[in-house]
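The next block holds one structure in the form of structure tokens; read it before the comments.
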Amino acid sequence: MRIRLTVLLFFAAITWACHPGDRRGDADYFILSGQFDNADAQNIYLQELTTTDLLPLDSIPLDSMGAFSYRGGIQEAGFYILRSDQDNYITLVIEPGEQISISGDADDLAMSVQIEGSPGSCLLAELNR
């Protein structure tokens with residue numbers, strides 16, 4: 001009996017450890033980080049895209065090398081816009097718990113962006129090229 005319980009607990013621990021993505025939905029935040037070439041220490045702007053409006057969320061400062069990091073609160077998956085100006089932006093699909101890495105040319109985000117850590121955002125970036 002004791003051996004069965006030990007084996008059962010062992011397999012339960014292995015199963016839990018091998019599926020970290022399943023626990024990601026418990027998070028109430030997301031992390032955006034990355035670096036843009038040709039950014040010259042400007043700000044980028046994060047907006048939430050709703051069915052009726054575009055809501056400004058925050059401005060994210062870039063350092064002198066174009067690097068940034070941002071942690072935002074989120075309860076459920078949604079569409080977001082990350083822009084450097086009115087005509088230069090990318091659309092992201094962000095889910096709770098995602099740690100998204102973004103890089104590209106700040107002068108042409110849509111065509112140069114590389115995204116990791118967000119499968120939905122990766123697919124959307126490919127579609128928009």
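Chain labels A, B, ... are given in the sequence in which chains occur in the structure tokens; within each chain residues are numbered consecutively from 1, and ligands are likewise numbered from 1 in the order shown.
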
Which residues are close to region 75-90 of chain A, i.e. within 7 Å by only C-alpha atoms, leaving aside same-chain residues fewer than 6 positions away? Reply as an mmCIF file with C-alpha atoms, in the first residue's frame.
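This went into selection-v9.cif:
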data_model
loop_
_atom_site.group_PDB
_atom_site.id
_atom_site.type_symbol
_atom_site.label_atom_id
_atom_site.label_comp_id
_atom_site.auth_asym_id
_atom_site.auth_seq_id
_atom_site.Cartn_x
_atom_site.Cartn_y
_atom_site.Cartn_z
ATOM 1 C CA ASP A 28 -3.152 37.828 -13.195
ATOM 2 C CA ASN A 43 8.373 55.961 -25.296
ATOM 3 C CA ILE A 44 6.161 53.243 -26.675
ATOM 4 C CA TYR A 45 2.483 53.130 -25.845
ATOM 5 C CA LEU A 46 0.292 50.203 -24.816
ATOM 6 C CA GLN A 47 -3.434 50.304 -25.566
ATOM 7 C CA GLU A 48 -6.215 47.770 -25.077
ATOM 8 C CA LEU A 49 -8.343 47.063 -28.127
ATOM 9 C CA PRO A 96 -2.541 35.919 -18.409
ATOM 10 C CA ASP A 108 8.877 49.791 -38.964
ATOM 11 C CA LEU A 109 7.372 47.650 -36.213
ATOM 12 C CA ALA A 110 4.837 45.728 -38.298
#

Backbone DSSP call of strand (DSSP E) for region 61-118 of chain A, listed as a PyMOL selection string = chain A and resi 61+67-73+78-85+88-94+99-105+114-116

Can you tell me, as a list of chain:residue names, what residues are no more than 9 Å from Gly117 (chain A) when counting only C-alpha atoms, ignoring any on the same chain fewer than 2 positions away?
-> A:Glu98, A:Gln99, A:Ile100, A:Ser101, A:Ile102, A:Ile115, A:Pro119, A:Ser121, A:Cys122

Filtering to C-alpha atoms, could you give me those residues as a short mmCIF file (atom, residue, chain, number, x, y, z; two decimals), in the first residue's frame?
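Resulting contents of part_37.cif:
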data_model
loop_
_atom_site.label_atom_id
_atom_site.label_comp_id
_atom_site.auth_asym_id
_atom_site.auth_seq_id
_atom_site.Cartn_x
_atom_site.Cartn_y
_atom_site.Cartn_z
CA GLU A 98 2.61 35.27 -20.71
CA GLN A 99 6.16 36.57 -20.69
CA ILE A 100 6.52 38.14 -24.11
CA SER A 101 9.81 39.15 -25.69
CA ILE A 102 9.62 41.62 -28.57
CA ILE A 115 7.83 37.95 -30.91
CA PRO A 119 1.70 32.07 -29.66
CA SER A 121 0.80 37.33 -31.02
CA CYS A 122 3.30 35.41 -33.17
#

Between CA of Asp105 (chain A) and CA of Leu127 (chain A), distance in Å (one decimal) | 18.0 Å

In Å, with one decimal, what is the gap from CA of Ile60 (chain A) to CA of Ile31 (chain A)?
-> 12.1 Å

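DSSP annotation of region 54-122 of chain A from backbone atoms: alpha helix (DSSP H) residues are Leu109, Ala110, Met111, Ser112, Pro119, Gly120, Ser121 and Cys122 of chain A.
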
Since we have the selection now, will you write its residues out, keeping N, CA and C atoms, as a CSV table (one decimal), in the first residue's frame?
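Just written: selection13.csv:
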chain,number,residue,atom,x,y,z
A,109,LEU,N,7.7,48.7,-37.1
A,109,LEU,CA,7.4,47.7,-36.2
A,109,LEU,C,6.7,46.5,-36.9
A,110,ALA,N,5.7,46.8,-37.7
A,110,ALA,CA,4.8,45.7,-38.3
A,110,ALA,C,5.6,44.8,-39.2
A,111,MET,N,6.6,45.3,-39.9
A,111,MET,CA,7.3,44.4,-40.8
A,111,MET,C,8.6,43.8,-40.2
A,112,SER,N,9.1,44.3,-39.1
A,112,SER,CA,10.3,43.8,-38.5
A,112,SER,C,10.2,43.1,-37.2
A,119,PRO,N,2.1,32.7,-28.4
A,119,PRO,CA,1.7,32.1,-29.7
A,119,PRO,C,0.7,32.9,-30.5
A,120,GLY,N,-0.3,33.4,-29.8
A,120,GLY,CA,-1.3,34.2,-30.5
A,120,GLY,C,-0.7,35.5,-31.2
A,121,SER,N,0.2,36.1,-30.5
A,121,SER,CA,0.8,37.3,-31.0
A,121,SER,C,1.7,37.0,-32.2
A,122,CYS,N,2.4,35.9,-32.1
A,122,CYS,CA,3.3,35.4,-33.2
A,122,CYS,C,2.5,35.2,-34.4

Work out how far CA of Ser59 (chain A) is from CA of Asp26 (chain A), in Å to one decimal.
-> 26.0 Å
